[in-house]
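File shown: data_38.cif (mmCIF, C-alpha atoms).
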```
data_run
#
loop_
_atom_site.label_atom_id
_atom_site.label_comp_id
_atom_site.auth_asym_id
_atom_site.auth_seq_id
_atom_site.Cartn_x
_atom_site.Cartn_y
_atom_site.Cartn_z
CA MET A 1 13.73 -39.60 -18.94
CA ASP A 2 15.60 -41.01 -15.93
CA THR A 3 18.10 -38.84 -14.16
CA VAL A 4 21.31 -39.78 -12.40
CA SER A 5 21.58 -39.23 -8.68
CA GLN A 6 25.26 -38.20 -8.74
CA ASP A 7 26.18 -34.53 -8.41
CA ARG A 8 28.85 -34.85 -11.10
CA ILE A 9 29.29 -37.05 -14.16
CA ILE A 10 32.90 -37.58 -15.22
CA GLY A 11 33.40 -38.93 -18.73
CA ILE A 12 36.85 -40.26 -19.58
CA ASP A 13 38.41 -41.19 -22.90
CA VAL A 14 41.05 -43.74 -21.91
CA SER A 15 44.16 -44.30 -24.01
CA ARG A 16 47.45 -46.04 -23.35
CA ASN A 17 49.12 -42.93 -21.94
CA TRP A 18 46.40 -40.40 -21.16
CA LEU A 19 43.02 -39.86 -19.53
CA ASP A 20 41.03 -37.11 -21.26
CA ILE A 21 38.34 -35.96 -18.82
CA HIS A 22 35.09 -34.03 -19.20
CA CYS A 23 33.00 -33.15 -16.16
CA LEU A 24 29.29 -32.38 -16.11
CA PRO A 25 27.46 -30.18 -15.33
CA ASP A 26 30.29 -27.62 -15.05
CA GLY A 27 32.01 -28.59 -18.33
CA LYS A 28 35.44 -28.79 -16.74
CA ARG A 29 38.10 -30.45 -18.94
CA LEU A 30 41.53 -31.77 -18.09
CA ARG A 31 44.06 -34.39 -19.13
CA LEU A 32 45.84 -36.69 -16.71
CA PRO A 33 48.43 -39.40 -17.31
CA ASN A 34 47.13 -42.97 -17.32
CA THR A 35 49.43 -43.85 -14.42
CA VAL A 36 49.10 -44.50 -10.70
CA GLU A 37 49.67 -40.78 -10.06
CA GLY A 38 47.02 -39.81 -12.61
CA HIS A 39 44.54 -42.25 -11.08
CA ALA A 40 45.17 -40.76 -7.63
CA ARG A 41 44.53 -37.23 -8.95
CA LEU A 42 41.28 -38.42 -10.52
CA VAL A 43 40.21 -39.95 -7.21
CA ASP A 44 40.88 -36.57 -5.54
CA LEU A 45 38.72 -34.91 -8.20
CA ALA A 46 35.80 -37.33 -7.74
CA GLU A 47 35.85 -37.88 -3.97
CA PRO A 48 34.63 -34.47 -2.68
CA VAL A 49 31.35 -34.82 -4.60
CA SER A 50 29.02 -37.70 -5.39
CA ALA A 51 30.56 -38.47 -8.79
CA LEU A 52 29.90 -41.17 -11.36
CA VAL A 53 32.93 -41.93 -13.52
CA CYS A 54 32.26 -43.52 -16.91
CA PHE A 55 34.48 -44.67 -19.76
CA GLU A 56 34.41 -46.93 -22.79
CA ALA A 57 35.65 -50.50 -22.90
CA THR A 58 39.10 -50.17 -24.48
CA GLY A 59 40.38 -53.73 -24.44
CA GLY A 60 42.17 -53.42 -21.11
CA GLN A 61 43.58 -49.88 -20.94
CA GLU A 62 40.91 -48.95 -18.39
CA TRP A 63 41.31 -51.83 -15.93
CA ARG A 64 43.94 -50.31 -13.61
CA LEU A 65 42.00 -47.06 -13.49
CA TRP A 66 38.77 -48.96 -12.86
CA SER A 67 40.30 -50.89 -9.97
CA ALA A 68 41.74 -47.74 -8.39
CA LEU A 69 38.39 -45.93 -8.55
CA ASP A 70 36.54 -48.94 -7.17
CA ALA A 71 39.00 -49.27 -4.29
CA ALA A 72 38.33 -45.62 -3.44
CA GLY A 73 34.56 -46.27 -3.33
CA ILE A 74 33.79 -44.18 -6.42
CA ALA A 75 30.87 -45.26 -8.64
CA THR A 76 32.01 -46.36 -12.09
CA ARG A 77 30.50 -47.61 -15.35
CA GLN A 78 32.10 -49.25 -18.37
CA LEU A 79 30.19 -48.37 -21.56
CA PRO A 80 30.02 -50.20 -24.92
CA PRO A 81 31.89 -48.23 -27.63
CA ALA A 82 29.16 -49.02 -30.19
CA GLN A 83 26.57 -47.18 -28.09
CA ILE A 84 28.80 -44.12 -27.78
CA LYS A 85 29.37 -44.14 -31.54
CA ALA A 86 25.62 -44.36 -32.20
CA PHE A 87 25.00 -41.56 -29.68
CA ALA A 88 27.54 -39.35 -31.47
CA ALA A 89 25.82 -40.02 -34.81
CA SER A 90 22.42 -39.17 -33.31
CA ARG A 91 23.81 -35.78 -32.21
CA GLY A 92 25.34 -35.13 -35.64
CA THR A 93 28.85 -35.18 -34.17
CA ARG A 94 31.26 -36.15 -36.95
CA ALA A 95 34.53 -34.86 -35.51
CA LYS A 96 36.49 -37.25 -33.33
CA THR A 97 39.15 -36.27 -30.82
CA ASP A 98 39.93 -37.53 -27.34
CA ARG A 99 38.35 -34.41 -25.80
CA ILE A 100 35.19 -34.79 -27.88
CA ASP A 101 34.95 -38.48 -26.99
CA ALA A 102 35.23 -37.70 -23.28
CA GLU A 103 32.35 -35.21 -23.53
CA LEU A 104 30.22 -37.68 -25.52
CA ILE A 105 30.77 -40.36 -22.89
CA ALA A 106 29.68 -38.01 -20.11
CA ARG A 107 26.59 -36.80 -21.99
CA PHE A 108 25.63 -40.36 -22.94
CA MET A 109 25.69 -41.29 -19.25
CA VAL A 110 23.26 -38.47 -18.51
CA PHE A 111 21.04 -39.63 -21.38
CA ARG A 112 21.21 -43.32 -20.42
CA PRO A 113 21.79 -43.45 -16.64
CA GLY A 114 21.22 -47.19 -16.47
CA ALA A 115 23.74 -48.09 -19.16
CA GLY A 116 27.09 -49.77 -18.70
CA ARG A 117 28.66 -52.37 -16.45
CA THR A 118 30.02 -52.08 -12.93
CA LEU A 119 33.38 -53.55 -11.98
CA PRO A 120 33.25 -57.36 -11.61
CA HIS A 121 34.79 -58.75 -8.45
CA GLN A 122 38.41 -59.88 -8.51
CA LYS A 123 37.80 -63.56 -9.24
CA ILE A 124 35.70 -62.70 -12.29
CA ARG A 125 38.48 -60.39 -13.48
CA LEU A 126 41.00 -63.21 -13.10
CA LEU A 127 38.76 -65.54 -15.09
CA ARG A 128 38.45 -62.91 -17.82
CA ALA A 129 42.23 -62.89 -18.10
CA LEU A 130 42.71 -66.67 -17.96
CA VAL A 131 39.86 -67.81 -20.22
CA PRO A 132 40.90 -65.82 -23.35
CA LYS A 133 44.54 -66.84 -22.84
CA ARG A 134 43.47 -70.50 -22.76
CA GLY A 135 41.46 -69.93 -25.94
CA GLN A 136 44.47 -68.34 -27.61
CA LEU A 137 46.68 -71.33 -26.79
CA VAL A 138 44.01 -73.81 -27.91
CA GLU A 139 43.74 -71.98 -31.23
CA THR A 140 47.54 -72.04 -31.60
CA ARG A 141 47.55 -75.78 -30.94
CA LYS A 142 44.80 -76.27 -33.50
CA ARG A 143 46.86 -74.46 -36.15
CA LEU A 144 49.92 -76.52 -35.22
CA LEU A 145 48.00 -79.79 -35.67
CA ALA A 146 46.78 -78.58 -39.08
CA GLN A 147 50.37 -77.84 -40.06
CA ILE A 148 51.47 -81.30 -38.90
CA LYS A 149 48.81 -82.88 -41.15
CA ALA A 150 50.00 -80.74 -44.04
CA HIS A 151 53.60 -81.89 -43.47
CA VAL A 152 52.44 -85.51 -43.57
CA LYS A 153 50.73 -84.95 -46.92
CA LEU A 154 53.87 -83.31 -48.31
CA GLY A 155 56.11 -86.01 -46.91
CA SER A 156 58.12 -83.51 -44.86
CA ASP A 157 56.80 -84.55 -41.45
CA GLU A 158 60.08 -86.20 -40.34
CA MET A 159 61.94 -82.93 -40.92
CA PHE A 160 59.87 -81.14 -38.26
CA ALA A 161 58.78 -84.08 -36.09
CA ASN A 162 60.92 -83.25 -33.04
CA MET A 163 60.20 -79.54 -33.23
CA ASP A 164 56.44 -80.06 -33.61
CA GLU A 165 56.36 -82.62 -30.80
CA ASP A 166 58.17 -80.27 -28.42
CA LEU A 167 55.91 -77.36 -29.34
CA LYS A 168 52.76 -79.42 -28.95
CA GLY A 169 53.96 -80.69 -25.58
CA LEU A 170 54.60 -77.13 -24.42
CA LEU A 171 51.13 -76.00 -25.53
CA ASP A 172 49.51 -79.02 -23.86
CA ARG A 173 51.23 -78.24 -20.55
CA GLN A 174 50.39 -74.52 -20.68
CA ILE A 175 46.73 -75.24 -21.49
CA ALA A 176 46.51 -77.80 -18.68
CA ARG A 177 48.03 -75.30 -16.24
CA LEU A 178 45.54 -72.59 -17.23
CA GLU A 179 42.63 -75.03 -16.93
CA ALA A 180 43.83 -75.99 -13.44
CA GLN A 181 44.00 -72.32 -12.42
CA ILE A 182 40.49 -71.69 -13.77
CA ALA A 183 39.10 -74.74 -11.96
CA GLN A 184 40.80 -73.67 -8.74
CA ILE A 185 39.31 -70.16 -8.85
CA ILE A 186 35.80 -71.52 -9.40
CA ALA A 187 36.17 -74.23 -6.74
CA ALA A 188 37.33 -71.67 -4.17
CA ASP A 189 34.10 -69.64 -4.43
CA GLU A 190 30.77 -71.14 -3.39
CA ASN A 191 28.70 -68.87 -5.64
CA LEU A 192 30.86 -69.55 -8.69
CA THR A 193 30.79 -73.29 -7.99
CA ALA A 194 27.00 -73.27 -7.68
CA THR A 195 26.66 -71.30 -10.92
CA ALA A 196 29.03 -73.65 -12.74
CA ASP A 197 27.09 -76.70 -11.50
CA ILE A 198 23.80 -75.24 -12.75
CA LEU A 199 25.26 -74.38 -16.15
CA ARG A 200 26.91 -77.77 -16.61
CA SER A 201 23.64 -79.52 -15.79
CA VAL A 202 22.45 -78.38 -19.23
CA PRO A 203 23.40 -80.95 -21.91
CA GLY A 204 25.77 -79.24 -24.33
CA ILE A 205 27.29 -76.88 -21.74
CA GLY A 206 30.71 -78.15 -20.68
CA PRO A 207 33.59 -76.69 -18.65
CA VAL A 208 34.70 -74.28 -21.40
CA ALA A 209 31.25 -72.83 -22.12
CA SER A 210 30.29 -72.61 -18.44
CA THR A 211 33.54 -70.83 -17.55
CA MET A 212 33.10 -68.40 -20.44
CA LEU A 213 29.54 -67.65 -19.29
CA ILE A 214 30.68 -67.02 -15.72
CA ALA A 215 33.52 -64.75 -16.84
CA GLU A 216 31.77 -62.79 -19.58
CA MET A 217 28.19 -62.66 -18.29
CA PRO A 218 28.19 -62.15 -14.51
CA GLU A 219 24.66 -60.75 -14.91
CA LEU A 220 23.31 -64.31 -15.26
CA GLY A 221 20.59 -64.95 -12.72
CA GLN A 222 19.68 -61.27 -12.56
CA ILE A 223 18.41 -60.74 -16.13
CA THR A 224 15.78 -62.30 -18.38
CA GLY A 225 16.49 -64.73 -21.19
CA GLU A 226 15.74 -62.03 -23.74
CA GLN A 227 18.22 -59.66 -22.10
CA ALA A 228 20.86 -62.40 -21.97
CA ALA A 229 20.36 -63.12 -25.67
CA ALA A 230 20.73 -59.43 -26.50
CA LEU A 231 23.89 -59.05 -24.40
CA THR A 232 25.41 -62.07 -26.12
CA GLY A 233 24.42 -60.85 -29.57
CA LEU A 234 22.19 -63.88 -30.18
CA ALA A 235 18.85 -62.07 -30.30
CA PRO A 236 17.57 -61.80 -33.92
CA ILE A 237 17.35 -58.14 -34.91
CA ALA A 238 14.17 -57.16 -36.73
CA HIS A 239 14.34 -55.32 -40.08
CA ASP A 240 10.68 -54.50 -40.72
CA SER A 241 9.05 -51.47 -42.29
CA GLY A 242 5.37 -51.20 -43.13
CA ALA A 243 4.27 -54.37 -44.90
CA MET A 244 7.86 -55.44 -45.52
CA ARG A 245 9.27 -58.11 -43.23
CA GLY A 246 13.03 -58.23 -43.60
CA LYS A 247 15.31 -61.10 -42.75
CA ARG A 248 16.33 -61.13 -39.12
CA ALA A 249 19.96 -61.63 -38.19
CA ILE A 250 22.05 -61.69 -35.04
CA GLY A 251 24.93 -59.34 -34.34
CA GLY A 252 26.76 -57.21 -31.80
CA GLY A 253 26.99 -58.28 -28.19
CA ARG A 254 29.91 -60.04 -26.56
CA ARG A 255 31.72 -61.70 -29.45
CA LEU A 256 33.90 -64.21 -27.61
CA LEU A 257 30.95 -65.47 -25.62
CA ARG A 258 28.77 -65.71 -28.74
CA HIS A 259 31.30 -67.90 -30.53
CA VAL A 260 31.58 -70.32 -27.60
CA LEU A 261 27.80 -70.53 -27.19
CA PHE A 262 27.38 -71.21 -30.90
CA GLN A 263 29.54 -74.31 -30.58
CA ALA A 264 27.69 -75.35 -27.43
CA ALA A 265 24.36 -74.88 -29.21
CA LEU A 266 25.45 -77.19 -32.03
CA VAL A 267 26.14 -79.94 -29.50
CA ALA A 268 22.96 -79.24 -27.55
CA SER A 269 20.82 -79.36 -30.70
CA GLN A 270 21.91 -82.99 -31.12
CA HIS A 271 21.97 -84.26 -27.54
CA ASN A 272 19.56 -82.09 -25.54
CA PRO A 273 15.99 -83.29 -26.35
CA ILE A 274 14.36 -79.97 -25.42
CA LEU A 275 16.81 -77.85 -27.41
CA LYS A 276 16.80 -80.34 -30.28
CA ASN A 277 13.03 -79.95 -30.64
CA PHE A 278 13.43 -76.18 -30.38
CA ALA A 279 16.14 -76.14 -33.07
CA ASP A 280 14.03 -78.36 -35.36
CA ARG A 281 11.08 -76.00 -34.93
CA LEU A 282 13.23 -73.00 -35.81
CA ARG A 283 14.47 -74.73 -38.97
#
```
Kindly transcribe the structure held in the file into structure tokens.
Amino acid sequence: MDTVSQDRIIGIDVSRNWLDIHCLPDGKRLRLPNTVEGHARLVDLAEPVSALVCFEATGGQEWRLWSALDAAGIATRQLPPAQIKAFAASRGTRAKTDRIDAELIARFMVFRPGAGRTLPHQKIRLLRALVPKRGQLVETRKRLLAQIKAHVKLGSDEMFANMDEDLKGLLDRQIARLEAQIAQIIAADENLTATADILRSVPGIGPVASTMLIAEMPELGQITGEQAAALTGLAPIAHDSGAMRGKRAIGGGRRLLRHVLFQAALVASQHNPILKNFADRLR
């Protein structure tokens, strides 16, 4: 089994208000506030030794901590919660507290030293904030348009016409502003621009799908197609045992990216000759 080169592994269970910490190999435990002061104390704890700090993806609670550690030059890894949960089950750990989770995260890092993601650079982090917000507004506009159609069927469209028009106009402007910000970030970086051009050269991949790929899969260009499919949750998972060959299904991975790529694949299966033949063969 591989070993980590760091002298200390620091596992952290991150919550809104607290950082529960477990250090290996000494087993030291402590709790710090999830604030600027707490982040500074954690940096002081990790700096004197070659430490690797690891934590689960929590939906954003870890980003300020992650940035502070990265700015201090401390090695960090963000780990998928599903892998930590499976690791806990493999150890027979049924209890769940913040302290237990912190220890599991640290021990998982020792067991799987190559796991997790490093901190993306700032422009990727900005894209990760802007792209989901654009998607949220697009979905809101879609629901609004469905409601407008329903009002027309009921004959009550005139009652809400001005309100719906104003709301749709606001959503259109906000979406356009976000799209301009996203385009500006990509255009200002040569590497991102080159990546976007390559992605958009594939029939079926447009601005939305290419931006989502750049934001959610910065590993592109450094991993194989099979690894990319697994990270996205598009790789069929085998369910075989002995002579039985179960039905394969996709799952897991990066959900937002998978949904966007599914829509792009539908378009590509109709307009990209290579992918159309591939899709027909799969069917």
List as JSON lines every residue of range 90-182 of chain A that is in contact with range 24-38 of chain A, defined as an atom at most 10 Å from one of its atoms (using all atoms listed in the file), together with the nearest atom pair and the distance in Å rounded to one decimal, sorted by chain and then rising number.
```
{"residue": "A:Asp98", "atom": "CA", "partner": "A:Arg31", "partner_atom": "CA", "distance": 9.7}
{"residue": "A:Arg99", "atom": "CA", "partner": "A:Arg29", "partner_atom": "CA", "distance": 7.9}
{"residue": "A:Ala102", "atom": "CA", "partner": "A:Arg29", "partner_atom": "CA", "distance": 8.9}
{"residue": "A:Glu103", "atom": "CA", "partner": "A:Gly27", "partner_atom": "CA", "distance": 8.4}
{"residue": "A:Ala106", "atom": "CA", "partner": "A:Leu24", "partner_atom": "CA", "distance": 6.9}
{"residue": "A:Arg107", "atom": "CA", "partner": "A:Leu24", "partner_atom": "CA", "distance": 7.8}
{"residue": "A:Val110", "atom": "CA", "partner": "A:Leu24", "partner_atom": "CA", "distance": 8.9}
```
Please determine the residues with any atom at most 9 Å from (30.9, -61.3, -25.1) (coordinates as given in the file, with all atoms listed in the file counting) and report them as a list in words.
-> Met212, Leu213, Glu216, Met217, Leu231, Thr232, Gly233, Gly252, Gly253, Arg254, Arg255, Leu256, Leu257, Arg258 and His259 of chain A
For the file shown, what are the residues hit by the PyMOL selection byres ((chain A and resi 52) around 8), laid out as a list of chain:residue names?
->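 Checking the PyMOL selection byres ((chain A and resi 52) around 8) against this file, the residues are A:Gln6, A:Arg8, A:Ile9, A:Ile10, A:Ala46, A:Ser50, A:Ala51, A:Val53, A:Cys54, A:Ile74, A:Ala75, A:Thr76, A:Arg77.
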Evaluate the PyMOL selection byres ((chain A and resi 130) around 12) and report residues as JSON, numbers by chain | {"A": [123, 124, 125, 126, 127, 128, 129, 131, 132, 133, 134, 135, 136, 137, 174, 175, 176, 177, 178, 179, 180, 181, 182, 183, 184, 185, 208, 211, 212, 215, 216]}
Writer output for current selection, C-alpha atoms, as a compact mmCIF listing (two decimals), in the frame of the given file:
```txt
# COMPACT_ATOMS: atom_id res chain seq x y z
CA LYS A 123 37.80 -63.56 -9.24
CA ILE A 124 35.70 -62.70 -12.29
CA ARG A 125 38.48 -60.39 -13.48
CA LEU A 126 41.00 -63.21 -13.10
CA LEU A 127 38.76 -65.54 -15.09
CA ARG A 128 38.45 -62.91 -17.82
CA ALA A 129 42.23 -62.89 -18.10
CA VAL A 131 39.86 -67.81 -20.22
CA PRO A 132 40.90 -65.82 -23.35
CA LYS A 133 44.54 -66.84 -22.84
CA ARG A 134 43.47 -70.50 -22.76
CA GLY A 135 41.46 -69.93 -25.94
CA GLN A 136 44.47 -68.34 -27.61
CA LEU A 137 46.68 -71.33 -26.79
CA GLN A 174 50.39 -74.52 -20.68
CA ILE A 175 46.73 -75.24 -21.49
CA ALA A 176 46.51 -77.80 -18.68
CA ARG A 177 48.03 -75.30 -16.24
CA LEU A 178 45.54 -72.59 -17.23
CA GLU A 179 42.63 -75.03 -16.93
CA ALA A 180 43.83 -75.99 -13.44
CA GLN A 181 44.00 -72.32 -12.42
CA ILE A 182 40.49 -71.69 -13.77
CA ALA A 183 39.10 -74.74 -11.96
CA GLN A 184 40.80 -73.67 -8.74
CA ILE A 185 39.31 -70.16 -8.85
CA VAL A 208 34.70 -74.28 -21.40
CA THR A 211 33.54 -70.83 -17.55
CA MET A 212 33.10 -68.40 -20.44
CA ALA A 215 33.52 -64.75 -16.84
CA GLU A 216 31.77 -62.79 -19.58
```
Could you tell me which residues the PyMOL selection byres ((chain A and resi 265) around 12) returns for this structure, as number ranges by chain?
-> A: 202-206, 209, 234, 258-264, 266-272, 274-276, 278-279
Pick the closest to Gly116 in chain A from A:Thr224, A:Asn162, A:Thr93, A:Gln78: which is it, counting all atoms listed in the file?
->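 With all atoms listed in the file as the atom set, the closest residue is A:Gln78.
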Please indicate the distance in Å from CA of Phe87 in chain A to CA of Met109 in chain A, rounded to one decimal place.
->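 Interatomic distance here is 10.5 Å.
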Gap from CA of Asp44 in chain A to CA of Trp63 in chain A - Å, one decimal =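 Computing it gives 18.5 Å between the two atoms.
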Separation of CA of Arg141 in chain A from CA of Asp172 in chain A in Å |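 Going from CA of Asp172 in chain A over to CA of Arg141 in chain A covers 8.0 Å.
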Residue contacts of Glu219 in chain A (9 Å, all atoms listed in the file) excluding same-chain residues fewer than 4 positions away, as a PyMOL selection string | chain A and resi 214+223+228
Print the selection's residues with C-alpha atoms to a file, as a short mmCIF file (atom, residue, chain, number, x, y, z; two decimals), in the coordinates of the input.
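In the end it all went to again-v3.cif:
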```cif
data_model
loop_
_atom_site.label_atom_id
_atom_site.label_comp_id
_atom_site.auth_asym_id
_atom_site.auth_seq_id
_atom_site.Cartn_x
_atom_site.Cartn_y
_atom_site.Cartn_z
CA ILE A 214 30.68 -67.02 -15.72
CA ILE A 223 18.41 -60.74 -16.13
CA ALA A 228 20.86 -62.40 -21.97
#
```
Find the spatial neighbours of His239 in chain A, counting all atoms listed in the file, within a cut-off of 9 Å - ignore same-chain residues fewer than 3 positions away - and output them as an MDAnalysis selection string.
-> chainID A and resid 244:249
Set up a box along x, y and z of the file covering all listed atoms of range 15-24 of chain A, add 6 Å on every one of the six sides, and write the centre and edge lengths in Å to one decimal, as lines of an AutoDock Vina configuration file.
```
center_x = 39.2
center_y = -39.2
center_z = -20.1
size_x = 31.8
size_y = 25.7
size_z = 19.9
```
Compile the contact shell of range 192-196 of chain A as a ChimeraX atom specification: residues with an atom at most 7 Å away, counting all atoms listed in the file, same-chain residues fewer than 5 positions apart removed.
-> /A:186-187,210
Generate a file of the selected residues that holds C-alpha atoms, formatted as a PDB file, in the coordinates of the input.
```
ATOM      1  CA  ILE A 186      35.800 -71.520  -9.400  1.00  0.00           C
ATOM      2  CA  ALA A 187      36.170 -74.230  -6.740  1.00  0.00           C
ATOM      3  CA  SER A 210      30.290 -72.610 -18.440  1.00  0.00           C
TER       4      SER A 210
END
```
Option closest in space to Leu167 in chain A, from A:His151, A:Arg283, A:Lys142, A:Arg64 [counting only C-alpha atoms] |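 The closest residue to Leu167 in chain A is A:Lys142.
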Point out the residue among A:Pro120, A:Pro218, A:Pro236, A:Gly60 with the least atom-to-atom distance to Arg16 in chain A, counting only C-alpha atoms.
-> A:Gly60
From the set A:Ile100, A:Trp66, A:Ser156, A:Ala72, which residue has the shortest atom-to-atom contact distance to His121 in chain A, counting only C-alpha atoms?
->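 Of A:Ile100, A:Trp66, A:Ser156, A:Ala72, the one nearest His121 in chain A is A:Trp66, counting only C-alpha atoms.
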Measuring atom to atom with all atoms listed in the file, identify which of A:Asp101, A:Val43, A:Gln83, A:Ala89 is nearest to Ser15 in chain A.
->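 Distance minimum relative to Ser15 in chain A lands on A:Asp101.
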Find, counting all atoms listed in the file, the residue in A:Arg173, A:Ala88, A:Leu119, A:Phe111 that gets nearest to Leu69 in chain A.
->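 Using all atoms listed in the file, the shortest distance to Leu69 in chain A belongs to A:Leu119.
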